[in-house]
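**Q** Dropping in run21.pdb, which is PDB, C-alpha atoms:
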```pdb
MODEL        1
ATOM      1  CA  MET A   1       8.645 -50.379  12.174
ATOM      2  CA  HIS A   2       6.768 -49.470   8.959
ATOM      3  CA  VAL A   3       6.331 -52.779   7.154
ATOM      4  CA  PRO A   4       7.022 -52.512   3.395
ATOM      5  CA  ASP A   5       5.189 -54.418   0.685
ATOM      6  CA  GLY A   6       6.506 -57.937   0.153
ATOM      7  CA  PHE A   7       7.389 -58.980   3.726
ATOM      8  CA  LEU A   8       4.061 -60.751   4.294
ATOM      9  CA  ASP A   9       2.107 -62.888   1.829
ATOM     10  CA  ALA A  10      -1.255 -61.835   0.378
ATOM     11  CA  PRO A  11      -3.531 -63.883   2.701
ATOM     12  CA  THR A  12      -1.811 -62.463   5.801
ATOM     13  CA  SER A  13      -1.948 -58.924   4.405
ATOM     14  CA  ILE A  14      -5.646 -59.323   3.577
ATOM     15  CA  ALA A  15      -6.299 -60.663   7.086
ATOM     16  CA  THR A  16      -4.474 -57.771   8.787
ATOM     17  CA  GLY A  17      -6.289 -55.396   6.413
ATOM     18  CA  ALA A  18      -9.615 -56.829   7.604
ATOM     19  CA  VAL A  19      -8.581 -56.566  11.268
ATOM     20  CA  ALA A  20      -7.471 -52.963  10.682
ATOM     21  CA  ALA A  21     -10.759 -52.096   8.939
ATOM     22  CA  VAL A  22     -12.808 -53.531  11.819
ATOM     23  CA  ALA A  23     -10.598 -51.778  14.397
ATOM     24  CA  VAL A  24     -10.983 -48.408  12.647
ATOM     25  CA  GLY A  25     -14.744 -48.981  12.311
ATOM     26  CA  VAL A  26     -15.114 -49.732  16.027
ATOM     27  CA  ALA A  27     -12.806 -46.815  16.860
ATOM     28  CA  LEU A  28     -15.026 -44.420  14.869
ATOM     29  CA  GLN A  29     -17.949 -45.424  17.111
ATOM     30  CA  ARG A  30     -16.101 -45.593  20.439
ATOM     31  CA  ALA A  31     -14.146 -42.367  19.885
ATOM     32  CA  ARG A  32     -17.468 -40.547  20.260
ATOM     33  CA  ARG A  33     -17.304 -41.225  24.011
ATOM     34  CA  GLU A  34     -13.799 -39.768  24.176
ATOM     35  CA  LEU A  35     -14.285 -36.575  22.165
ATOM     36  CA  ASP A  36     -16.296 -33.423  22.705
ATOM     37  CA  ASP A  37     -16.114 -29.815  21.464
ATOM     38  CA  ARG A  38     -13.199 -29.118  23.804
ATOM     39  CA  THR A  39     -11.017 -32.134  23.043
ATOM     40  CA  ALA A  40     -11.716 -32.733  19.321
ATOM     41  CA  PRO A  41      -9.049 -30.201  18.203
ATOM     42  CA  LEU A  42      -6.497 -31.933  20.442
ATOM     43  CA  ALA A  43      -7.064 -35.181  18.520
ATOM     44  CA  GLY A  44      -6.052 -33.462  15.278
ATOM     45  CA  LEU A  45      -3.021 -31.897  16.918
ATOM     46  CA  VAL A  46      -1.885 -35.139  18.542
ATOM     47  CA  ALA A  47      -2.058 -36.898  15.155
ATOM     48  CA  ALA A  48      -0.122 -34.020  13.552
ATOM     49  CA  PHE A  49       2.527 -34.267  16.262
ATOM     50  CA  VAL A  50       2.814 -38.056  15.842
ATOM     51  CA  PHE A  51       3.311 -37.584  12.085
ATOM     52  CA  ALA A  52       6.001 -34.961  12.726
ATOM     53  CA  ALA A  53       7.760 -37.007  15.411
ATOM     54  CA  GLN A  54       7.807 -40.112  13.213
ATOM     55  CA  MET A  55      10.029 -38.190  10.771
ATOM     56  CA  VAL A  56      12.724 -37.788  13.402
ATOM     57  CA  ASN A  57      14.590 -41.087  13.661
ATOM     58  CA  PHE A  58      16.887 -41.203  16.668
ATOM     59  CA  PRO A  59      19.985 -43.426  16.672
ATOM     60  CA  VAL A  60      19.868 -46.447  18.962
ATOM     61  CA  GLY A  61      23.402 -47.695  18.317
ATOM     62  CA  ALA A  62      25.176 -50.117  15.988
ATOM     63  CA  GLY A  63      23.821 -48.473  12.862
ATOM     64  CA  THR A  64      20.163 -48.717  13.843
ATOM     65  CA  SER A  65      17.553 -46.053  14.455
ATOM     66  CA  GLY A  66      14.021 -45.792  15.710
ATOM     67  CA  HIS A  67      11.254 -43.236  15.913
ATOM     68  CA  LEU A  68       8.170 -42.577  17.990
ATOM     69  CA  MET A  69       5.220 -44.839  17.223
ATOM     70  CA  GLY A  70       2.843 -42.664  19.217
ATOM     71  CA  GLY A  71      -0.004 -45.050  20.026
ATOM     72  CA  ALA A  72       0.567 -44.928  23.792
ATOM     73  CA  LEU A  73       1.089 -41.140  23.723
ATOM     74  CA  ALA A  74      -2.137 -40.577  21.798
ATOM     75  CA  ALA A  75      -4.086 -43.010  24.006
ATOM     76  CA  VAL A  76      -3.137 -41.139  27.193
ATOM     77  CA  LEU A  77      -3.803 -37.696  25.685
ATOM     78  CA  VAL A  78      -7.019 -38.284  23.709
ATOM     79  CA  GLY A  79      -8.214 -41.811  24.579
ATOM     80  CA  PRO A  80      -7.373 -45.271  23.187
ATOM     81  CA  TRP A  81     -10.022 -45.390  20.415
ATOM     82  CA  THR A  82      -9.223 -41.875  19.231
ATOM     83  CA  ALA A  83      -5.551 -42.917  19.311
ATOM     84  CA  VAL A  84      -6.283 -45.712  16.825
ATOM     85  CA  LEU A  85      -7.860 -43.108  14.516
ATOM     86  CA  CYS A  86      -4.935 -40.670  14.961
ATOM     87  CA  VAL A  87      -2.230 -43.215  14.131
ATOM     88  CA  SER A  88      -4.287 -44.714  11.277
ATOM     89  CA  VAL A  89      -4.537 -41.313   9.569
ATOM     90  CA  VAL A  90      -0.779 -40.791  10.045
ATOM     91  CA  LEU A  91      -0.038 -44.219   8.498
ATOM     92  CA  ALA A  92      -2.439 -43.656   5.596
ATOM     93  CA  VAL A  93      -0.847 -40.300   4.710
ATOM     94  CA  GLN A  94       2.643 -41.824   5.001
ATOM     95  CA  ALA A  95       1.770 -44.820   2.817
ATOM     96  CA  LEU A  96      -0.136 -42.836   0.171
ATOM     97  CA  VAL A  97       1.989 -39.686  -0.083
ATOM     98  CA  MET A  98       5.474 -40.480   1.282
ATOM     99  CA  ALA A  99       5.711 -44.154   0.192
ATOM    100  CA  ASP A 100       6.601 -44.890   3.852
ATOM    101  CA  GLY A 101       5.165 -48.336   4.598
ATOM    102  CA  GLY A 102       3.703 -50.461   1.805
ATOM    103  CA  LEU A 103       0.226 -49.947   0.360
ATOM    104  CA  THR A 104      -0.680 -53.636   0.726
ATOM    105  CA  ALA A 105       0.959 -53.467   4.174
ATOM    106  CA  LEU A 106      -1.194 -50.529   5.360
ATOM    107  CA  GLY A 107      -3.503 -52.872   7.286
ATOM    108  CA  THR A 108      -0.508 -54.580   8.887
ATOM    109  CA  ASN A 109       0.958 -51.218   9.879
ATOM    110  CA  ILE A 110      -2.357 -49.989  11.311
ATOM    111  CA  VAL A 111      -2.571 -53.186  13.387
ATOM    112  CA  LEU A 112       1.039 -52.980  14.628
ATOM    113  CA  ILE A 113       1.644 -49.249  15.049
ATOM    114  CA  GLY A 114      -1.944 -48.158  15.691
ATOM    115  CA  VAL A 115      -3.920 -50.913  17.392
ATOM    116  CA  VAL A 116      -1.164 -52.779  19.262
ATOM    117  CA  THR A 117       0.701 -49.728  20.606
ATOM    118  CA  ALA A 118      -2.509 -47.878  21.550
ATOM    119  CA  GLY A 119      -4.074 -51.017  23.045
ATOM    120  CA  VAL A 120      -1.037 -52.252  24.977
ATOM    121  CA  GLY A 121      -0.068 -48.686  25.914
ATOM    122  CA  TRP A 122      -3.516 -47.901  27.286
ATOM    123  CA  ALA A 123      -3.791 -51.219  29.160
ATOM    124  CA  VAL A 124      -0.421 -50.703  30.883
ATOM    125  CA  PHE A 125      -1.283 -47.065  31.631
ATOM    126  CA  VAL A 126      -4.623 -48.009  33.245
ATOM    127  CA  VAL A 127      -2.963 -50.630  35.486
ATOM    128  CA  LEU A 128      -0.238 -48.194  36.596
ATOM    129  CA  ARG A 129      -2.744 -45.402  37.163
ATOM    130  CA  ARG A 130      -4.593 -47.732  39.524
ATOM    131  CA  VAL A 131      -1.570 -48.837  41.564
ATOM    132  CA  LEU A 132       0.468 -45.602  41.674
ATOM    133  CA  PRO A 133      -0.371 -42.651  43.980
ATOM    134  CA  GLN A 134      -3.365 -40.671  42.734
ATOM    135  CA  ARG A 135      -1.401 -37.613  41.683
ATOM    136  CA  LEU A 136      -1.115 -35.748  38.391
ATOM    137  CA  SER A 137       2.679 -36.091  38.546
ATOM    138  CA  MET A 138       2.255 -39.860  38.150
ATOM    139  CA  ILE A 139       0.448 -39.536  34.790
ATOM    140  CA  PRO A 140       3.579 -38.856  32.660
ATOM    141  CA  ILE A 141       5.466 -41.653  34.462
ATOM    142  CA  SER A 142       2.688 -44.156  33.781
ATOM    143  CA  ALA A 143       2.513 -42.933  30.164
ATOM    144  CA  ALA A 144       6.282 -43.377  29.710
ATOM    145  CA  VAL A 145       6.263 -46.959  31.031
ATOM    146  CA  ALA A 146       3.224 -47.739  28.857
ATOM    147  CA  ALA A 147       5.076 -46.323  25.836
ATOM    148  CA  LEU A 148       8.211 -48.318  26.640
ATOM    149  CA  LEU A 149       6.296 -51.625  26.682
ATOM    150  CA  SER A 150       4.120 -50.822  23.662
ATOM    151  CA  VAL A 151       7.095 -50.893  21.261
ATOM    152  CA  PRO A 152       8.426 -54.441  21.952
ATOM    153  CA  ALA A 153       4.771 -55.574  22.004
ATOM    154  CA  ALA A 154       4.388 -54.382  18.400
ATOM    155  CA  ALA A 155       7.724 -56.030  17.533
ATOM    156  CA  ALA A 156       6.487 -59.339  18.983
ATOM    157  CA  VAL A 157       3.216 -59.152  17.035
ATOM    158  CA  PHE A 158       5.166 -58.435  13.841
ATOM    159  CA  THR A 159       7.235 -61.573  14.452
ATOM    160  CA  GLY A 160       4.020 -63.544  14.960
ATOM    161  CA  LEU A 161       2.674 -62.265  11.643
ATOM    162  CA  PHE A 162       5.972 -63.124   9.964
ATOM    163  CA  ALA A 163       5.710 -66.661  11.386
ATOM    164  CA  ILE A 164       2.317 -66.977   9.681
ATOM    165  CA  GLY A 165       2.938 -65.256   6.365
ATOM    166  CA  GLY A 166       6.596 -64.264   6.099
ATOM    167  CA  GLN A 167       7.921 -64.282   2.553
ATOM    168  CA  ALA A 168      11.433 -65.511   3.363
ATOM    169  CA  PRO A 169      12.781 -68.579   5.152
ATOM    170  CA  VAL A 170      14.271 -67.330   8.422
ATOM    171  CA  ASP A 171      15.027 -68.587  11.906
ATOM    172  CA  LEU A 172      12.013 -67.184  13.754
ATOM    173  CA  ALA A 173      13.714 -67.406  17.141
ATOM    174  CA  ASP A 174      16.512 -65.184  15.786
ATOM    175  CA  VAL A 175      13.973 -62.729  14.381
ATOM    176  CA  LEU A 176      12.052 -62.603  17.672
ATOM    177  CA  THR A 177      15.186 -62.112  19.766
ATOM    178  CA  ALA A 178      16.527 -59.370  17.499
ATOM    179  CA  MET A 179      13.153 -57.625  17.152
ATOM    180  CA  LEU A 180      12.551 -57.610  20.925
ATOM    181  CA  GLY A 181      16.114 -56.536  21.757
ATOM    182  CA  TRP A 182      16.225 -53.580  19.379
ATOM    183  CA  HIS A 183      12.672 -52.510  20.094
ATOM    184  CA  VAL A 184      13.239 -52.411  23.843
ATOM    185  CA  LEU A 185      15.981 -49.868  23.060
ATOM    186  CA  ILE A 186      13.693 -47.956  20.692
ATOM    187  CA  GLY A 187      11.050 -48.173  23.440
ATOM    188  CA  ILE A 188      13.327 -46.150  25.722
ATOM    189  CA  GLY A 189      13.196 -43.326  23.165
ATOM    190  CA  GLU A 190       9.425 -43.803  22.893
ATOM    191  CA  ALA A 191       9.182 -43.527  26.688
ATOM    192  CA  ALA A 192      11.310 -40.360  26.784
ATOM    193  CA  VAL A 193       9.290 -38.531  24.104
ATOM    194  CA  THR A 194       5.954 -39.734  25.520
ATOM    195  CA  GLY A 195       6.873 -38.788  29.098
ATOM    196  CA  LEU A 196       8.069 -35.350  27.989
ATOM    197  CA  VAL A 197       5.012 -34.511  25.882
ATOM    198  CA  VAL A 198       2.472 -35.859  28.408
ATOM    199  CA  SER A 199       4.299 -33.996  31.174
ATOM    200  CA  ALA A 200       4.128 -30.746  29.176
ATOM    201  CA  VAL A 201       0.397 -31.097  28.506
ATOM    202  CA  VAL A 202      -0.450 -32.263  32.058
ATOM    203  CA  SER A 203       1.396 -29.283  33.546
ATOM    204  CA  THR A 204      -0.328 -26.719  31.291
ATOM    205  CA  ARG A 205      -3.776 -28.179  30.558
ATOM    206  CA  PRO A 206      -4.509 -31.258  32.723
ATOM    207  CA  ASP A 207      -8.214 -30.767  31.972
ATOM    208  CA  LEU A 208      -7.602 -31.783  28.335
ATOM    209  CA  VAL A 209      -5.752 -35.033  29.124
ATOM    210  CA  TYR A 210      -8.035 -38.050  28.664
ATOM    211  CA  GLY A 211      -5.975 -40.276  30.957
ATOM    212  CA  ALA A 212      -6.181 -37.680  33.754
ATOM    213  CA  ARG A 213      -9.932 -37.078  33.561
ATOM    214  CA  ARG A 214     -10.904 -38.890  36.754
ATOM    215  CA  LEU A 215      -8.038 -37.343  38.665
ATOM    216  CA  VAL A 216      -8.923 -33.823  37.498
ATOM    217  CA  ALA A 217     -12.602 -34.441  38.270
ATOM    218  CA  ALA A 218     -11.791 -35.710  41.768
ATOM    219  CA  ARG A 219      -9.517 -32.739  42.397
ATOM    220  CA  THR A 220     -12.177 -30.291  41.210
ATOM    221  CA  ALA A 221     -14.783 -31.966  43.444
ATOM    222  CA  ALA A 222     -12.431 -31.820  46.449
ATOM    223  CA  LEU A 223     -11.750 -28.123  45.802
ATOM    224  CA  ARG A 224     -15.482 -27.420  45.607
ATOM    225  CA  GLU A 225     -16.046 -29.150  48.949
ATOM    226  CA  GLU A 226     -13.275 -27.125  50.520
ATOM    227  CA  VAL A 227     -14.757 -23.902  49.208
ATOM    228  CA  ALA A 228     -18.223 -24.926  50.415
ATOM    229  CA  ALA A 229     -16.877 -25.788  53.886
TER     230      ALA A 229
ATOM    231  CA  MET B   1     -16.214 -18.500  28.152
ATOM    232  CA  SER B   2     -14.175 -16.181  25.963
ATOM    233  CA  ALA B   3     -11.233 -16.449  28.358
ATOM    234  CA  THR B   4     -11.366 -20.239  28.084
ATOM    235  CA  THR B   5     -11.607 -20.045  24.297
ATOM    236  CA  SER B   6      -8.582 -17.794  23.969
ATOM    237  CA  SER B   7      -6.589 -19.953  26.391
ATOM    238  CA  ASN B   8      -7.546 -22.988  24.297
ATOM    239  CA  ARG B   9      -6.460 -21.179  21.132
ATOM    240  CA  ARG B  10      -3.083 -20.288  22.622
ATOM    241  CA  PHE B  11      -2.512 -23.840  23.815
ATOM    242  CA  PHE B  12      -3.541 -25.388  20.498
ATOM    243  CA  ALA B  13      -1.445 -22.870  18.527
ATOM    244  CA  ALA B  14       1.622 -23.708  20.634
ATOM    245  CA  PHE B  15       0.995 -27.430  20.128
ATOM    246  CA  LEU B  16       0.770 -26.943  16.346
ATOM    247  CA  LEU B  17       3.891 -24.786  16.300
ATOM    248  CA  VAL B  18       5.858 -27.550  18.048
ATOM    249  CA  ALA B  19       4.604 -30.144  15.530
ATOM    250  CA  LEU B  20       5.526 -27.897  12.578
ATOM    251  CA  LEU B  21       9.005 -27.229  13.996
ATOM    252  CA  VAL B  22       9.590 -30.950  14.520
ATOM    253  CA  ALA B  23       8.416 -31.792  10.983
ATOM    254  CA  GLY B  24       9.947 -28.783   9.275
ATOM    255  CA  VAL B  25      13.244 -28.303  11.131
ATOM    256  CA  ALA B  26      14.138 -31.203  13.457
ATOM    257  CA  SER B  27      13.387 -33.761  10.719
ATOM    258  CA  TYR B  28      16.504 -32.585   8.860
ATOM    259  CA  TYR B  29      18.616 -33.957  11.711
ATOM    260  CA  ALA B  30      16.943 -37.391  11.741
ATOM    261  CA  SER B  31      19.236 -40.413  11.834
ATOM    262  CA  SER B  32      19.552 -41.989   8.402
ATOM    263  CA  HIS B  33      20.360 -45.423   9.820
ATOM    264  CA  PRO B  34      17.845 -48.170   8.982
ATOM    265  CA  ASP B  35      15.062 -48.465  11.572
ATOM    266  CA  GLY B  36      14.787 -51.431  13.942
ATOM    267  CA  LEU B  37      12.673 -53.566  11.601
ATOM    268  CA  GLU B  38      14.822 -52.874   8.523
ATOM    269  CA  PHE B  39      17.996 -53.575  10.517
ATOM    270  CA  VAL B  40      16.644 -56.879  11.847
ATOM    271  CA  ALA B  41      15.382 -57.811   8.364
ATOM    272  CA  GLU B  42      18.862 -57.328   6.991
ATOM    273  CA  LYS B  43      20.619 -59.190   9.814
ATOM    274  CA  THR B  44      18.262 -62.168   9.859
ATOM    275  CA  GLY B  45      17.923 -62.389   6.080
ATOM    276  CA  PHE B  46      14.489 -61.230   4.955
ATOM    277  CA  LEU B  47      15.133 -57.662   3.786
ATOM    278  CA  HIS B  48      15.304 -58.909   0.170
ATOM    279  CA  ALA B  49      11.579 -59.705   0.361
ATOM    280  CA  ALA B  50      10.777 -55.955   0.535
ATOM    281  CA  GLU B  51       9.205 -54.491  -2.592
ATOM    282  CA  ASP B  52       8.961 -50.879  -3.705
ATOM    283  CA  SER B  53       5.676 -49.210  -2.859
ATOM    284  CA  ALA B  54       3.332 -48.514  -5.779
ATOM    285  CA  VAL B  55       3.685 -44.807  -4.912
ATOM    286  CA  ALA B  56       7.510 -44.911  -4.747
ATOM    287  CA  ASP B  57       7.526 -42.298  -7.553
ATOM    288  CA  SER B  58       5.390 -39.842  -5.566
ATOM    289  CA  PRO B  59       6.919 -36.319  -5.551
ATOM    290  CA  PHE B  60       7.217 -36.614  -1.748
ATOM    291  CA  ALA B  61       8.432 -40.234  -1.598
ATOM    292  CA  ASP B  62      10.788 -40.892   1.319
ATOM    293  CA  TYR B  63      10.154 -37.406   2.707
ATOM    294  CA  GLY B  64      12.051 -35.646  -0.058
ATOM    295  CA  THR B  65      10.646 -33.225  -2.617
ATOM    296  CA  SER B  66      11.535 -34.102  -6.186
ATOM    297  CA  GLY B  67      13.023 -31.112  -7.985
ATOM    298  CA  VAL B  68      14.060 -29.316  -4.784
ATOM    299  CA  ASP B  69      17.843 -29.416  -4.388
ATOM    300  CA  ASN B  70      18.114 -27.618  -1.059
ATOM    301  CA  GLU B  71      18.212 -30.497   1.427
ATOM    302  CA  ARG B  72      16.581 -28.586   4.270
ATOM    303  CA  ALA B  73      13.708 -27.411   2.077
ATOM    304  CA  SER B  74      13.357 -30.799   0.415
ATOM    305  CA  VAL B  75      12.510 -32.518   3.732
ATOM    306  CA  ALA B  76      10.702 -29.527   5.291
ATOM    307  CA  ILE B  77       8.089 -29.334   2.502
ATOM    308  CA  PRO B  78       6.638 -32.867   2.874
ATOM    309  CA  GLY B  79       7.065 -32.520   6.652
ATOM    310  CA  ILE B  80       4.957 -29.378   6.915
ATOM    311  CA  LEU B  81       2.412 -30.384   4.252
ATOM    312  CA  GLY B  82       2.045 -33.851   5.791
ATOM    313  CA  THR B  83       1.601 -32.425   9.295
ATOM    314  CA  LEU B  84      -1.132 -30.055   8.083
ATOM    315  CA  LEU B  85      -2.839 -32.806   6.048
ATOM    316  CA  VAL B  86      -2.887 -35.145   9.070
ATOM    317  CA  LEU B  87      -4.184 -32.287  11.254
ATOM    318  CA  VAL B  88      -7.059 -31.500   8.884
ATOM    319  CA  VAL B  89      -8.083 -35.116   8.242
ATOM    320  CA  THR B  90      -7.886 -36.249  11.886
ATOM    321  CA  GLY B  91      -9.410 -33.007  13.164
ATOM    322  CA  GLY B  92     -12.253 -33.422  10.650
ATOM    323  CA  ILE B  93     -12.905 -36.999  11.765
ATOM    324  CA  ALA B  94     -12.735 -35.978  15.447
ATOM    325  CA  TYR B  95     -15.264 -33.174  14.867
ATOM    326  CA  ALA B  96     -17.559 -35.492  12.915
ATOM    327  CA  VAL B  97     -17.694 -38.206  15.600
ATOM    328  CA  ARG B  98     -17.537 -35.999  18.745
ATOM    329  CA  ARG B  99     -20.381 -35.456  21.157
ATOM    330  CA  ARG B 100     -21.757 -31.947  20.838
ATOM    331  CA  GLY B 101     -20.987 -29.555  23.666
ATOM    332  CA  THR B 102     -18.578 -29.885  26.549
ATOM    333  CA  HIS B 103     -19.142 -32.744  28.906
ATOM    334  CA  ALA B 104     -18.191 -32.962  32.538
ATOM    335  CA  PRO B 105     -15.034 -35.027  32.900
ATOM    336  CA  VAL B 106     -16.790 -37.364  35.345
ATOM    337  CA  ASP B 107     -18.825 -39.061  32.639
ATOM    338  CA  ALA B 108     -15.707 -40.366  30.906
ATOM    339  CA  ALA B 109     -15.675 -44.134  30.653
ATOM    340  CA  ALA B 110     -12.004 -44.127  31.670
TER     341      ALA B 110
ENDMDL
END
```
Please, can you express the file's structure as structure tokens?

**A**
Amino acid sequence: MHVPDGFLDAPTSIATGAVAAVAVGVALQRARRELDDRTAPLAGLVAAFVFAAQMVNFPVGAGTSGHLMGGALAAVLVGPWTAVLCVSVVLAVQALVMADGGLTALGTNIVLIGVVTAGVGWAVFVVLRRVLPQRLSMIPISAAVAALLSVPAAAAVFTGLFAIGGQAPVDLADVLTAMLGWHVLIGIGEAAVTGLVVSAVVSTRPDLVYGARRLVAARTAALREEVAA
Amino acid sequence: MSATTSSNRRFFAAFLLVALLVAGVASYYASSHPDGLEFVAEKTGFLHAAEDSAVADSPFADYGTSGVDNERASVAIPGILGTLLVLVVTGGIAYAVRRRGTHAPVDAAA
């Protein structure tokens, strides 16, 4: 999904750059509520894992591939604002060192792969967490569904940006259909990786998982009451 | 306290090891097909609008190492260096903005 230079015109790229700058600025302030001495190292590790996983494109058929975006995964593990920071650092390193994603498109990529996937992923996760049984085993399932939906959401936003500032005459309905279709398939891979990783962390260290905080706190409180009684 | 610290260290070390193995080993087996966006761009006729990045001549451009012929090493080097760079930068930011101390999970806004 890394947008190269040239796809979008300068005004659109400047606008997405401004949105990305504001989002990162707000994230730097809000991430404070999500991070403490215990969880700060996990933020670095989650970003490192997202960088690593983004190198591993998996085939999705018919000569196409996809890779993890990681916004939903990071949001569940370390919190949505910290997730924006994690993915933004990954995208900056990729654009500056690996020439993966354009330099003038860095803002666009932060908006699509960082803000949209973390935002949509977290919103879906929070809704599912509310309606599903209050059990730790539900956390990876909610995370996987959130991840699945976050990918076509980013694809739809890309198409919207292309409608505004695309640098080639195309049939937008065709672009939207193709983007959504392929990115639902890529989303299945996103869901599998996200579900697996969240499941591994929840089963070893549920206390470190941001999206499981209330559940872990409630469980600890219930245990204390039992012990007291 | 020390038990918790060492358990944290083990967990974090395992997490890092997985990331390094993915970036340094699994990356070699990545599909070389175009990704979803590139594929759609080609099919619907806007791939030609793509321009080379200004850093396309970087020694690690496209996750290869210029001058390293061994294909496994060529992709492993930017993979491992990139993973460590992202770890240090994000970890540094997370430490800088974090609240000091360990807070009870209940006070999370989530």

**Q** Evaluate the PyMOL selection byres ((chain A) within 7 of (chain B)) and record the selected residues as a PyMOL selection string, following the chain and residue labels used in the document.

**A** chain A and resi 1+4-7+28+31-32+35-38+40-41+43-45+47-49+51-53+55-59+63-66+86+89-90+96-100+102-103+167-168+170+174-175+178-179+182-183+213-214+217

**Q** Any idea what the distance is between CA of Ala222 in chain A and CA of Thr204 in chain A?

**A**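 Answer for the CA of Ala222 in chain A to CA of Thr204 in chain A separation: 20.1 Å.
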
**Q** Give as a list in words the residues that the PyMOL selection byres ((chain A and resi 164) around 12) matches when applied to the coordinates above.

**A**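 Answer for the PyMOL selection byres ((chain A and resi 164) around 12): Phe7, Leu8, Asp9, Ala10, Pro11, Thr12, Ser13, Ala15, Thr16, Val157, Phe158, Thr159, Gly160, Leu161, Phe162, Ala163, Gly165, Gly166, Gln167, Ala168, Pro169 and Leu172 of chain A.
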
**Q** I'd like the box whose edges run along x, y and z of the file and which contains every listed atom of range 56-69 of chain B, padded by 3 Å per side; could you state its centre and edge lengths in Å, one decimal, as JSON?

**A**
```
{"center_x": 11.6, "center_y": -37.1, "center_z": -2.6, "size_x": 18.5, "size_y": 21.6, "size_z": 16.7}
```

**Q** Quick one: pull the distance between CA of Val131 in chain A and CA of Ala218 in chain A, Å, one decimal.

**A**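 Those two atoms sit 16.6 Å apart.
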